[in-house]
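Chemist: File structure_20.tsv follows (TSV, C-alpha atoms):
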```
chain	number	residue	atom	x	y	z
Z	1	MET	CA	212.03	233.87	-32.89
Z	2	THR	CA	209.19	236.19	-31.83
Z	3	PRO	CA	206.07	235.61	-33.93
Z	4	SER	CA	204.95	238.32	-36.34
Z	5	PRO	CA	202.37	240.74	-34.92
Z	6	PHE	CA	200.33	240.36	-38.11
Z	7	SER	CA	200.42	237.40	-40.44
Z	8	LEU	CA	198.14	236.27	-43.26
Z	9	ASN	CA	198.75	233.03	-45.08
Z	10	GLY	CA	196.74	231.96	-48.13
Z	11	ILE	CA	193.66	233.90	-47.07
Z	12	VAL	CA	190.54	233.37	-49.16
Z	13	ALA	CA	187.54	235.41	-47.99
Z	14	GLY	CA	184.51	237.26	-49.27
Z	15	TYR	CA	180.81	237.96	-48.92
Z	16	ASP	CA	177.96	235.71	-50.11
Z	17	HIS	CA	178.94	234.73	-53.63
Z	18	ARG	CA	181.69	237.26	-54.17
Z	19	THR	CA	185.24	236.21	-53.28
Z	20	VAL	CA	187.27	239.34	-52.49
Z	21	LEU	CA	190.53	237.85	-51.25
Z	22	GLN	CA	191.92	235.04	-53.39
Z	23	GLY	CA	194.99	233.87	-51.50
Z	24	VAL	CA	196.47	236.79	-49.57
Z	25	ASP	CA	199.91	236.37	-48.02
Z	26	LEU	CA	201.24	239.22	-45.89
Z	27	GLU	CA	203.48	239.13	-42.87
Z	28	LEU	CA	204.54	242.34	-41.12
Z	29	GLU	CA	207.93	242.60	-39.43
Z	30	PRO	CA	207.76	243.98	-35.89
Z	31	GLY	CA	208.35	247.73	-35.69
Z	32	THR	CA	207.70	248.46	-39.36
Z	33	ILE	CA	205.17	250.92	-40.77
Z	34	THR	CA	203.50	249.46	-43.86
Z	35	GLY	CA	201.43	251.52	-46.26
Z	36	LEU	CA	198.65	249.46	-47.83
Z	37	LEU	CA	197.68	250.55	-51.34
Z	38	GLY	CA	194.83	249.25	-53.47
Z	39	LEU	CA	192.09	250.54	-55.72
Z	40	ASN	CA	188.60	251.08	-54.31
Z	41	GLY	CA	186.97	247.69	-53.83
Z	42	SER	CA	190.28	245.81	-53.95
Z	43	GLY	CA	189.60	244.30	-50.51
Z	44	LYS	CA	191.79	246.37	-48.18
Z	45	THR	CA	189.04	246.62	-45.56
Z	46	THR	CA	188.16	242.92	-45.85
Z	47	MET	CA	191.83	242.02	-45.46
Z	48	MET	CA	192.10	244.09	-42.30
Z	49	ARG	CA	188.92	242.58	-40.87
Z	50	VAL	CA	190.17	239.03	-41.46
Z	51	ALA	CA	193.61	239.87	-40.04
Z	52	LEU	CA	192.06	241.31	-36.87
Z	53	GLY	CA	189.75	238.34	-36.37
Z	54	LEU	CA	186.58	240.33	-37.09
Z	55	MET	CA	185.73	238.08	-40.03
Z	56	LYS	CA	186.36	234.40	-40.56
Z	57	PRO	CA	188.24	233.52	-43.75
Z	58	ASP	CA	186.96	230.69	-45.98
Z	59	ARG	CA	190.51	229.37	-46.19
Z	60	GLY	CA	193.97	230.22	-44.91
Z	61	GLN	CA	195.46	231.26	-41.58
Z	62	ALA	CA	195.34	234.70	-39.97
Z	63	SER	CA	197.38	235.18	-36.82
Z	64	LEU	CA	198.13	237.99	-34.39
Z	65	PHE	CA	201.32	237.72	-32.32
Z	66	GLY	CA	201.34	234.01	-33.11
Z	67	SER	CA	197.79	233.26	-31.95
Z	68	ARG	CA	194.89	232.54	-34.30
Z	69	ALA	CA	193.14	235.83	-35.10
Z	70	TRP	CA	189.55	234.53	-35.09
Z	71	ASP	CA	189.60	233.40	-31.45
Z	72	SER	CA	192.64	235.24	-30.07
Z	73	PRO	CA	192.58	235.70	-26.28
Z	74	PRO	CA	191.93	239.08	-24.58
Z	75	GLU	CA	195.62	239.59	-23.71
Z	76	VAL	CA	196.42	239.54	-27.43
Z	77	ARG	CA	193.51	241.84	-28.30
Z	78	LYS	CA	194.70	244.38	-25.74
Z	79	ARG	CA	197.90	244.81	-27.74
Z	80	ILE	CA	195.97	245.95	-30.82
Z	81	GLY	CA	194.52	249.28	-31.89
Z	82	PHE	CA	192.14	249.60	-34.85
Z	83	VAL	CA	190.65	252.60	-36.61
Z	84	PRO	CA	187.89	251.29	-38.90
Z	85	GLN	CA	186.97	253.10	-42.09
Z	86	SER	CA	183.31	253.30	-41.12
Z	87	LEU	CA	182.88	254.94	-37.74
Z	88	LEU	CA	179.13	254.30	-37.64
Z	89	SER	CA	179.26	251.35	-35.27
Z	90	LEU	CA	181.72	253.15	-33.05
Z	91	PHE	CA	179.51	256.18	-32.68
Z	92	SER	CA	176.23	254.37	-32.36
Z	93	ALA	CA	177.78	253.17	-29.09
Z	94	PHE	CA	179.37	256.46	-27.97
Z	95	GLY	CA	177.39	259.11	-29.86
Z	96	THR	CA	175.46	260.44	-26.86
Z	97	MET	CA	178.48	260.56	-24.55
Z	98	ASN	CA	180.63	263.63	-24.44
Z	99	LEU	CA	184.25	263.22	-25.42
Z	100	ASP	CA	185.77	263.06	-21.92
Z	101	ASP	CA	183.30	260.40	-20.75
Z	102	CYS	CA	183.85	258.43	-23.92
Z	103	VAL	CA	187.65	258.44	-23.43
Z	104	ARG	CA	187.25	257.56	-19.73
Z	105	PHE	CA	184.93	254.68	-20.63
Z	106	VAL	CA	187.45	253.16	-23.05
Z	107	ALA	CA	190.45	253.91	-20.77
Z	108	ARG	CA	188.90	251.82	-17.96
Z	109	HIS	CA	189.47	248.68	-20.03
Z	110	TYR	CA	193.24	249.12	-20.08
Z	111	GLU	CA	195.70	249.10	-17.17
Z	112	ASP	CA	198.23	251.25	-18.97
Z	113	TRP	CA	196.14	253.95	-20.67
Z	114	ASP	CA	198.33	256.92	-21.55
Z	115	HIS	CA	196.32	259.93	-20.30
Z	116	ASP	CA	199.13	262.39	-21.08
Z	117	LEU	CA	199.28	261.30	-24.71
Z	118	ILE	CA	195.51	261.65	-25.12
Z	119	ASP	CA	195.32	265.02	-23.31
Z	120	GLY	CA	198.14	266.28	-25.52
Z	121	LEU	CA	196.40	265.13	-28.70
Z	122	CYS	CA	193.07	266.65	-27.60
Z	123	ARG	CA	194.86	269.98	-27.11
Z	124	SER	CA	196.82	269.95	-30.36
Z	125	TRP	CA	193.75	268.80	-32.30
Z	126	ASP	CA	191.63	271.40	-30.55
Z	127	LEU	CA	188.98	268.83	-29.63
Z	128	ARG	CA	186.28	270.22	-27.37
Z	129	ASN	CA	184.37	268.22	-24.83
Z	130	ARG	CA	181.15	268.00	-26.82
Z	131	ARG	CA	178.87	265.07	-27.47
Z	132	VAL	CA	180.59	262.76	-29.94
Z	133	ALA	CA	177.59	262.74	-32.32
Z	134	GLU	CA	177.76	266.55	-32.56
Z	135	LEU	CA	181.39	266.65	-33.66
Z	136	SER	CA	182.30	267.27	-37.30
Z	137	PRO	CA	183.29	264.21	-39.36
Z	138	GLY	CA	186.94	265.29	-39.17
Z	139	ASP	CA	186.77	265.59	-35.37
Z	140	GLN	CA	185.02	262.22	-35.09
Z	141	GLN	CA	187.88	260.72	-37.07
Z	142	LYS	CA	190.31	262.23	-34.55
Z	143	VAL	CA	188.29	260.68	-31.70
Z	144	ALA	CA	188.48	257.26	-33.37
Z	145	ILE	CA	192.27	257.66	-33.59
Z	146	LEU	CA	192.49	258.72	-29.91
Z	147	LEU	CA	190.54	255.68	-28.79
Z	148	ALA	CA	192.80	253.40	-30.85
Z	149	VAL	CA	196.16	254.72	-29.60
Z	150	GLY	CA	195.54	255.52	-25.90
Z	151	HIS	CA	196.69	252.10	-24.71
Z	152	ARG	CA	199.88	252.37	-26.82
Z	153	PRO	CA	199.15	249.23	-28.81
Z	154	ASP	CA	201.96	247.06	-30.21
Z	155	LEU	CA	199.98	246.69	-33.44
Z	156	LEU	CA	198.01	249.56	-34.91
Z	157	VAL	CA	195.79	249.02	-37.95
Z	158	LEU	CA	194.26	252.07	-39.60
Z	159	ASP	CA	191.78	251.95	-42.47
Z	160	GLU	CA	191.99	255.25	-44.35
Z	161	PRO	CA	192.33	257.26	-41.15
Z	162	ALA	CA	193.35	260.49	-42.85
Z	163	ALA	CA	190.61	260.72	-45.48
Z	164	SER	CA	188.49	263.32	-43.65
Z	165	LEU	CA	191.29	265.22	-41.90
Z	166	ASP	CA	192.38	268.69	-43.04
Z	167	PRO	CA	196.08	269.01	-44.01
Z	168	ALA	CA	197.12	270.42	-40.60
Z	169	ALA	CA	195.34	267.67	-38.66
Z	170	ARG	CA	196.71	265.07	-41.06
Z	171	ARG	CA	200.26	266.25	-40.47
Z	172	GLU	CA	199.69	266.19	-36.70
Z	173	PHE	CA	198.27	262.68	-36.98
Z	174	LEU	CA	201.28	261.46	-38.99
Z	175	ARG	CA	203.57	263.05	-36.39
Z	176	THR	CA	201.73	261.14	-33.63
Z	177	LEU	CA	202.09	257.86	-35.51
Z	178	ILE	CA	205.81	258.46	-35.96
Z	179	ALA	CA	206.28	259.38	-32.29
Z	180	LEU	CA	204.39	256.27	-31.16
Z	181	ASN	CA	206.41	254.13	-33.52
Z	182	ALA	CA	209.65	255.62	-32.16
Z	183	ASP	CA	208.57	255.15	-28.51
Z	184	VAL	CA	206.84	251.80	-28.54
Z	185	GLY	CA	208.44	250.30	-31.67
Z	186	GLN	CA	204.89	249.54	-32.63
Z	187	THR	CA	203.95	247.82	-35.88
Z	188	VAL	CA	201.61	249.84	-38.10
Z	189	LEU	CA	199.47	248.94	-41.10
Z	190	LEU	CA	197.90	251.96	-42.72
Z	191	SER	CA	195.74	252.15	-45.81
Z	192	SER	CA	195.53	255.46	-47.63
Z	193	HIS	CA	195.06	256.87	-51.09
Z	194	ILE	CA	197.44	259.70	-50.27
Z	195	THR	CA	200.68	258.18	-51.56
Z	196	SER	CA	202.83	261.10	-50.39
Z	197	ASP	CA	201.76	260.41	-46.77
Z	198	ILE	CA	202.70	256.78	-47.20
Z	199	GLU	CA	206.05	257.73	-48.72
Z	200	ARG	CA	206.74	260.07	-45.81
Z	201	ILE	CA	206.28	257.64	-42.95
Z	202	SER	CA	206.26	254.06	-44.28
Z	203	SER	CA	209.19	251.69	-44.21
Z	204	HIS	CA	207.31	249.22	-46.43
Z	205	ILE	CA	204.48	249.20	-48.92
Z	206	ALA	CA	202.03	246.45	-49.82
Z	207	VAL	CA	199.80	246.57	-52.88
Z	208	LEU	CA	196.55	244.59	-52.93
Z	209	HIS	CA	195.27	243.88	-56.43
Z	210	GLY	CA	193.17	241.14	-57.99
Z	211	GLY	CA	192.55	239.61	-54.57
Z	212	VAL	CA	196.24	239.06	-53.75
Z	213	VAL	CA	199.17	241.06	-52.42
Z	214	VAL	CA	201.11	241.63	-55.64
Z	215	CYS	CA	203.93	243.67	-54.13
Z	216	HIS	CA	205.30	243.83	-50.58
Z	217	ALA	CA	208.69	245.48	-50.29
Z	218	ALA	CA	210.74	248.04	-48.41
Z	219	LEU	CA	210.14	251.48	-49.87
Z	220	ASP	CA	213.89	252.28	-49.85
Z	221	ASP	CA	214.57	249.08	-51.81
Z	222	ILE	CA	212.00	250.07	-54.41
Z	223	LYS	CA	213.42	253.57	-54.82
Z	224	ASP	CA	217.05	252.40	-54.79
Z	225	ARG	CA	216.71	249.33	-56.99
Z	226	VAL	CA	213.66	249.71	-59.23
Z	227	ARG	CA	213.61	251.85	-62.37
Z	228	ALA	CA	210.94	252.51	-64.98
Z	229	VAL	CA	211.77	251.98	-68.65
Z	230	ASN	CA	209.96	251.79	-71.98
Z	231	LEU	CA	210.87	248.66	-73.91
Z	232	THR	CA	209.83	247.36	-77.29
Z	233	GLU	CA	208.85	243.74	-77.94
Z	234	ALA	CA	212.28	243.23	-79.55
Z	235	THR	CA	214.02	243.71	-76.19
Z	236	PRO	CA	211.97	241.96	-73.49
Z	237	PRO	CA	213.43	242.07	-69.95
Z	238	PRO	CA	214.07	238.92	-67.87
Z	239	PRO	CA	210.60	238.04	-66.43
Z	240	GLU	CA	211.92	237.59	-62.88
Z	241	LYS	CA	213.06	241.23	-62.84
Z	242	VAL	CA	209.65	242.65	-63.72
Z	243	LEU	CA	207.87	244.24	-60.76
Z	244	ALA	CA	205.08	245.70	-62.87
Z	245	ARG	CA	204.15	246.29	-66.48
Z	246	ALA	CA	201.65	248.59	-68.19
Z	247	GLY	CA	201.78	248.24	-71.99
Z	248	ASN	CA	205.42	248.75	-72.96
Z	249	ARG	CA	206.24	250.54	-69.70
Z	250	TYR	CA	208.13	248.26	-67.31
Z	251	TRP	CA	209.21	248.66	-63.69
Z	252	LEU	CA	212.33	246.50	-63.25
Z	253	TRP	CA	214.32	245.38	-60.21
Z	254	ASP	CA	218.12	245.85	-60.51
Z	255	TRP	CA	217.82	247.36	-63.96
Z	256	ARG	CA	221.59	247.27	-64.52
Z	257	GLU	CA	221.40	243.46	-64.58
Z	258	CYS	CA	218.58	243.34	-67.12
Z	259	GLY	CA	220.75	243.63	-70.25
Z	260	LEU	CA	218.88	246.69	-71.50
Z	261	PRO	CA	219.96	248.44	-74.70
Z	262	ALA	CA	222.61	251.06	-73.85
Z	263	ASP	CA	220.45	254.01	-74.93
Z	264	THR	CA	217.43	253.00	-72.79
Z	265	HIS	CA	216.04	255.97	-70.91
Z	266	VAL	CA	215.81	255.02	-67.23
Z	267	ASP	CA	213.44	256.84	-64.86
Z	268	GLU	CA	213.33	256.83	-61.09
Z	269	VAL	CA	210.20	255.42	-59.49
Z	270	ILE	CA	207.26	257.69	-58.82
Z	271	LEU	CA	205.23	255.60	-56.38
Z	272	GLU	CA	201.89	256.79	-57.70
Z	273	ASP	CA	202.87	255.82	-61.27
Z	274	LEU	CA	204.12	252.43	-60.11
Z	275	PHE	CA	200.85	251.87	-58.26
Z	276	LEU	CA	198.83	252.78	-61.35
Z	277	GLY	CA	201.08	250.49	-63.42
Z	278	ILE	CA	200.58	247.56	-61.04
Z	279	THR	CA	196.81	248.02	-60.88
Z	280	SER	CA	196.36	248.52	-64.63
Z	281	THR	CA	197.04	244.82	-65.27
Z	282	THR	CA	194.33	242.29	-64.52
U	283	MET	CA	217.91	273.39	-43.29
U	284	TYR	CA	216.65	270.20	-44.88
U	285	SER	CA	214.01	270.12	-47.57
U	286	LEU	CA	212.75	266.63	-48.31
U	287	ASN	CA	210.43	265.52	-51.07
U	288	PRO	CA	208.74	262.21	-50.14
U	289	ALA	CA	207.22	261.85	-53.62
U	290	SER	CA	210.65	261.98	-55.28
U	291	GLY	CA	212.11	258.83	-56.82
U	292	ILE	CA	215.16	259.32	-54.58
U	293	SER	CA	214.67	257.56	-51.24
U	294	LEU	CA	214.33	259.82	-48.21
U	295	TYR	CA	217.47	258.51	-46.50
U	296	ARG	CA	219.47	259.33	-49.67
U	297	GLN	CA	218.04	262.84	-49.69
U	298	ILE	CA	219.21	263.31	-46.08
U	299	VAL	CA	222.68	261.98	-46.90
U	300	ASP	CA	223.03	264.17	-50.01
U	301	GLN	CA	221.72	267.32	-48.32
U	302	THR	CA	223.93	266.81	-45.25
U	303	ARG	CA	227.00	266.55	-47.50
U	304	LEU	CA	226.00	269.76	-49.27
U	305	LEU	CA	225.36	271.58	-45.97
U	306	VAL	CA	228.79	270.57	-44.70
U	307	ALA	CA	230.55	271.41	-47.98
U	308	ALA	CA	228.82	274.81	-48.07
U	309	GLY	CA	229.94	275.57	-44.52
U	310	ARG	CA	226.42	275.68	-43.08
U	311	LEU	CA	227.34	272.72	-40.89
U	312	VAL	CA	230.90	273.17	-39.59
U	313	PRO	CA	233.22	270.43	-38.24
U	314	GLY	CA	232.37	269.83	-34.60
U	315	ALA	CA	228.69	270.69	-35.13
U	316	CYS	CA	226.23	268.12	-33.87
U	317	LEU	CA	223.37	266.71	-35.98
U	318	PRO	CA	219.96	266.57	-34.25
U	319	SER	CA	219.12	263.29	-32.52
U	320	VAL	CA	217.34	260.69	-34.65
U	321	ARG	CA	214.13	261.35	-32.75
U	322	THR	CA	214.29	265.14	-33.13
U	323	MET	CA	215.22	264.94	-36.79
U	324	ALA	CA	212.38	262.48	-37.52
U	325	ALA	CA	209.87	264.66	-35.67
U	326	ASP	CA	211.07	267.87	-37.38
U	327	LEU	CA	210.85	266.34	-40.84
U	328	ASP	CA	207.74	264.20	-40.08
U	329	ILE	CA	209.38	261.02	-41.29
U	330	ASN	CA	210.04	257.51	-40.00
U	331	PRO	CA	212.91	257.44	-37.43
U	332	MET	CA	214.37	254.36	-39.15
U	333	THR	CA	214.94	256.50	-42.24
U	334	VAL	CA	217.01	258.97	-40.21
U	335	SER	CA	219.03	256.17	-38.52
U	336	LYS	CA	219.81	254.70	-41.91
U	337	ALA	CA	220.99	258.08	-43.26
U	338	TYR	CA	223.14	258.70	-40.16
U	339	SER	CA	224.77	255.26	-40.44
U	340	LEU	CA	225.66	255.92	-44.07
U	341	LEU	CA	227.07	259.36	-43.21
U	342	GLU	CA	229.13	257.72	-40.45
U	343	GLN	CA	230.44	255.04	-42.83
U	344	ALA	CA	231.38	257.76	-45.30
U	345	GLY	CA	233.28	259.63	-42.56
U	346	VAL	CA	231.15	262.79	-42.85
U	347	VAL	CA	230.12	262.45	-39.20
U	348	GLU	CA	231.34	260.40	-36.26
U	349	ARG	CA	229.31	258.98	-33.39
U	350	ARG	CA	230.49	260.41	-30.07
U	351	ARG	CA	229.25	258.85	-26.87
U	352	GLY	CA	226.85	261.09	-25.00
U	353	VAL	CA	226.98	263.76	-27.72
U	354	GLY	CA	225.58	262.21	-30.88
U	355	MET	CA	226.57	262.59	-34.49
U	356	VAL	CA	229.35	265.16	-34.90
U	357	VAL	CA	230.52	266.60	-38.24
U	358	THR	CA	234.17	265.73	-39.07
U	359	GLU	CA	236.83	267.58	-41.05
U	360	ALA	CA	236.57	264.91	-43.76
U	361	GLY	CA	233.00	266.05	-44.45
U	362	LEU	CA	234.44	269.22	-45.97
U	363	ASP	CA	235.41	267.33	-49.15
U	364	VAL	CA	233.31	269.15	-51.74
U	365	THR	CA	234.03	266.63	-54.49
U	366	GLU	CA	231.94	264.06	-52.58
U	367	ALA	CA	229.08	266.53	-52.16
U	368	VAL	CA	228.62	267.12	-55.89
U	369	GLU	CA	228.82	263.42	-56.72
U	370	PRO	CA	225.05	262.70	-56.93
U	371	ASP	CA	224.46	265.61	-59.31
U	372	ALA	CA	227.53	264.74	-61.38
U	373	ALA	CA	226.47	261.08	-61.60
U	374	ALA	CA	223.00	262.13	-62.78
U	375	LEU	CA	224.58	264.33	-65.46
U	376	ILE	CA	226.79	261.47	-66.68
U	377	ARG	CA	223.78	259.14	-66.92
U	378	THR	CA	221.85	261.67	-68.99
U	379	ALA	CA	224.83	262.20	-71.31
U	380	ARG	CA	225.22	258.44	-71.77
U	381	GLN	CA	221.55	258.03	-72.60
U	382	LEU	CA	221.91	260.75	-75.23
U	383	GLY	CA	224.92	258.98	-76.70
U	384	MET	CA	227.26	261.86	-75.79
U	385	SER	CA	230.99	261.10	-75.49
U	386	ARG	CA	233.04	261.77	-72.38
U	387	ILE	CA	235.20	264.31	-74.23
U	388	ASP	CA	232.13	266.20	-75.47
U	389	LEU	CA	230.63	266.32	-71.97
U	390	ILE	CA	233.85	267.62	-70.41
U	391	ALA	CA	234.16	270.20	-73.21
U	392	LYS	CA	230.58	271.33	-72.55
U	393	ILE	CA	231.26	271.66	-68.80
U	394	ASP	CA	234.45	273.64	-69.53
U	395	LYS	CA	232.54	276.03	-71.76
U	396	LEU	CA	229.71	276.49	-69.21
U	397	TRP	CA	232.25	276.97	-66.41
U	398	GLU	CA	233.46	280.14	-68.18
U	399	GLU	CA	229.96	281.40	-68.97
U	400	THR	CA	228.09	280.61	-65.71
```
Could you take the file, read its structure, and then write that structure out as structure tokens?

Modeler:
Amino acid sequence: MTPSPFSLNGIVAGYDHRTVLQGVDLELEPGTITGLLGLNGSGKTTMMRVALGLMKPDRGQASLFGSRAWDSPPEVRKRIGFVPQSLLSLFSAFGTMNLDDCVRFVARHYEDWDHDLIDGLCRSWDLRNRRVAELSPGDQQKVAILLAVGHRPDLLVLDEPAASLDPAARREFLRTLIALNADVGQTVLLSSHITSDIERISSHIAVLHGGVVVCHAALDDIKDRVRAVNLTEATPPPPEKVLARAGNRYWLWDWRECGLPADTHVDEVILEDLFLGITSTT
Amino acid sequence: MYSLNPASGISLYRQIVDQTRLLVAAGRLVPGACLPSVRTMAADLDINPMTVSKAYSLLEQAGVVERRRGVGMVVTEAGLDVTEAVEPDAAALIRTARQLGMSRIDLIAKIDKLWEET
């Protein structure tokens, strides 16, 4: 069996005296696009950093394509693309270069840089060959995406890449992700607060809450099999069927098998509501 | 032709299946017509190609389209069955009626009455 491109097992990690991740398990199937949801400060960025070997966990195993993330060899690293949330470090290195030089500099490190893809994106995103530091925040975000996808990575990790893009650029960016995924069969992990973007392109979702991944499932399974219902204390559902609960609002797997009262009103899942339900419990 | 709502509680592949059935039943896709390739469809709708493949497989299983080598997914005569196309809406109506405690006879009577008026 080919090893997972991205695997976290019992990860505990944090900063100084604050533990952010308290036992994270998450394994991505090759070729899937996973939307990572979590409240601000839930540890999405920390989780990505540990998974990519940029931060050493206190406990647990992080591996990339079967090799340990923390000291993975260059041939593994070349298969990965990463768009960090904070572009500061990126642009303190490239800020004074103009865009073309910056792309050429990064391209030199890869044998199979896709110049056509990058030229096409520069055109459709209307990126001009200015100094990187002089570009608008939205355009800088586009540059960070360019630099992360030019070598057609097998694993692409994006930390809120769409936050500063206008709707047109965001749509173009999603289209690029989809096209890359169709061409390369690349595995994608994408964090975003825009649930409708995640619902559009993701095959799976993962929710990080309370320092653990509380839900990791195929989006189609959730929409096909999960329903939201209001239940009183007199009619509790089987605990193993409960995906999330907020007060007397329950999200249940396979609701037909839950023995609900016949007149129970059953609602389809609105992902944003489910997310708020999951994250309302501590 | 397709109008998808990613935020809906109905999964995207289901929306494609349901809308394809309606397009065929309404004569906007005629037997012999070819559906766009998975890649084209995914790019046009800005969705994951796996979602389109899944919808196409279901449509094939249901006999609405057939896979022809070198051509793609082609609409069949069987796809013209309008009773299949209205099934999702009808099922939703039945669920609502059940939740409201309405009997089958009452629902059919209501539909009969509306049929004359609408």

Chemist: Using only C-alpha atoms, determine which residues of chain Z fall within 8 Å of chain U; present them as a VMD selection string.

Modeler: chain Z and resid 171 174 to 175 178 to 179 182 195 to 197 199 to 203 219 to 220 223 to 224 262 to 265 268 to 271

Chemist: Pick out the residues sitting within 8 Å of Ile198 in chain Z, and hand them over as JSON, numbers by chain; count only C-alpha atoms, and ignore anything fewer than 6 positions along from it in its own chain.

Modeler: {"Z": [35, 192, 205]}

Chemist: Fewer than 6 positions away in the same chain doesn't count, so skip those; otherwise give me all residues within 7 Å of Leu158 in chain Z, counting only C-alpha atoms, as a list in words.

Modeler: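 Final neighbour list, sorted by chain and number: Phe82, Val83, Pro84, Leu189, Leu190 and Ser191 of chain Z.
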
Chemist: Which residue is closest to Ala344 in chain U? Choose from U:Met323, U:Ala315, U:Trp397, U:Thr302 and count only C-alpha atoms.

Modeler: U:Thr302

Chemist: Name the residues, using the chain letters and numbers of the file, that sit within 12 Å of (231.0, 272.6, -49.4) when counting all atoms listed in the file, and give them as a ChimeraX atom specification.

Modeler: /U:300-313,346,359-369

Chemist: Quick one: pull the distance between CA of Leu88 in chain Z and CA of Ala51 in chain Z, Å, one decimal.

Modeler: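 Answer for the CA of Leu88 in chain Z to CA of Ala51 in chain Z separation: 20.6 Å.
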
Chemist: Interatomic distance between CA of Val213 in chain Z and CA of Ala69 in chain Z?

Modeler: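 Distance reported for this atom pair: 19.1 Å.
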
Chemist: Which one of U:Tyr338, U:Glu398, U:Ile393, U:Asp371 sits closest to Val299 in chain U if you count only C-alpha atoms?

Modeler: U:Tyr338

Chemist: May I ask for the distance between CA of Leu156 in chain Z and CA of Gly53 in chain Z, given in Å to one decimal place?

Modeler: 14.0 Å

Chemist: I'd like to know which of Z:Gly211, Z:Gly81, Z:Gly150, Z:Pro261 is closest to Met47 in chain Z, using all atoms listed in the file.

Modeler: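 Of the candidates, the smallest distance to Met47 in chain Z is held by Z:Gly211.
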
Chemist: Could the centre and edge lengths of an axis-aligned box, enclosing all atoms of range 322-331 of chain U in the file with 6 Å extra on each side, be given in Å to one decimal as JSON?

Modeler:
```
{"center_x": 211.5, "center_y": 262.7, "center_z": -37.2, "size_x": 19.5, "size_y": 22.4, "size_z": 20.2}
```

Chemist: What would range 40-53 of chain Z look like with N, CA and C atoms in place, written as an mmCIF file, in the coordinates of the input?

Modeler:
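Writing the result to selection.cif gives the following:
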```cif
data_model
loop_
_atom_site.group_PDB
_atom_site.id
_atom_site.type_symbol
_atom_site.label_atom_id
_atom_site.label_comp_id
_atom_site.auth_asym_id
_atom_site.auth_seq_id
_atom_site.Cartn_x
_atom_site.Cartn_y
_atom_site.Cartn_z
ATOM 1 N N ASN Z 40 189.868 251.257 -55.015
ATOM 2 C CA ASN Z 40 188.600 251.080 -54.310
ATOM 3 C C ASN Z 40 188.037 249.713 -54.631
ATOM 4 N N GLY Z 41 187.562 249.002 -53.608
ATOM 5 C CA GLY Z 41 186.970 247.690 -53.830
ATOM 6 C C GLY Z 41 187.983 246.573 -53.994
ATOM 7 N N SER Z 42 189.273 246.860 -53.768
ATOM 8 C CA SER Z 42 190.280 245.810 -53.950
ATOM 9 C C SER Z 42 190.315 244.852 -52.764
ATOM 10 N N GLY Z 43 189.683 245.220 -51.649
ATOM 11 C CA GLY Z 43 189.600 244.300 -50.510
ATOM 12 C C GLY Z 43 190.474 244.683 -49.322
ATOM 13 N N LYS Z 44 190.932 245.935 -49.289
ATOM 14 C CA LYS Z 44 191.790 246.370 -48.180
ATOM 15 C C LYS Z 44 191.063 246.224 -46.835
ATOM 16 N N THR Z 45 189.817 246.678 -46.800
ATOM 17 C CA THR Z 45 189.040 246.620 -45.560
ATOM 18 C C THR Z 45 188.780 245.167 -45.160
ATOM 19 N N THR Z 46 188.399 244.335 -46.126
ATOM 20 C CA THR Z 46 188.160 242.920 -45.850
ATOM 21 C C THR Z 46 189.426 242.266 -45.300
ATOM 22 N N MET Z 47 190.570 242.596 -45.906
ATOM 23 C CA MET Z 47 191.830 242.020 -45.460
ATOM 24 C C MET Z 47 192.119 242.398 -44.007
ATOM 25 N N MET Z 48 191.866 243.654 -43.673
ATOM 26 C CA MET Z 48 192.100 244.090 -42.300
ATOM 27 C C MET Z 48 191.160 243.381 -41.331
ATOM 28 N N ARG Z 49 189.901 243.228 -41.739
ATOM 29 C CA ARG Z 49 188.920 242.580 -40.870
ATOM 30 C C ARG Z 49 189.297 241.114 -40.597
ATOM 31 N N VAL Z 50 189.752 240.422 -41.648
ATOM 32 C CA VAL Z 50 190.170 239.030 -41.460
ATOM 33 C C VAL Z 50 191.397 238.973 -40.548
ATOM 34 N N ALA Z 51 192.360 239.881 -40.812
ATOM 35 C CA ALA Z 51 193.610 239.870 -40.040
ATOM 36 C C ALA Z 51 193.343 240.117 -38.565
ATOM 37 N N LEU Z 52 192.341 240.952 -38.266
ATOM 38 C CA LEU Z 52 192.060 241.310 -36.870
ATOM 39 C C LEU Z 52 191.070 240.342 -36.219
ATOM 40 N N GLY Z 53 190.661 239.322 -36.950
ATOM 41 C CA GLY Z 53 189.750 238.340 -36.370
ATOM 42 C C GLY Z 53 188.314 238.829 -36.287
#
```
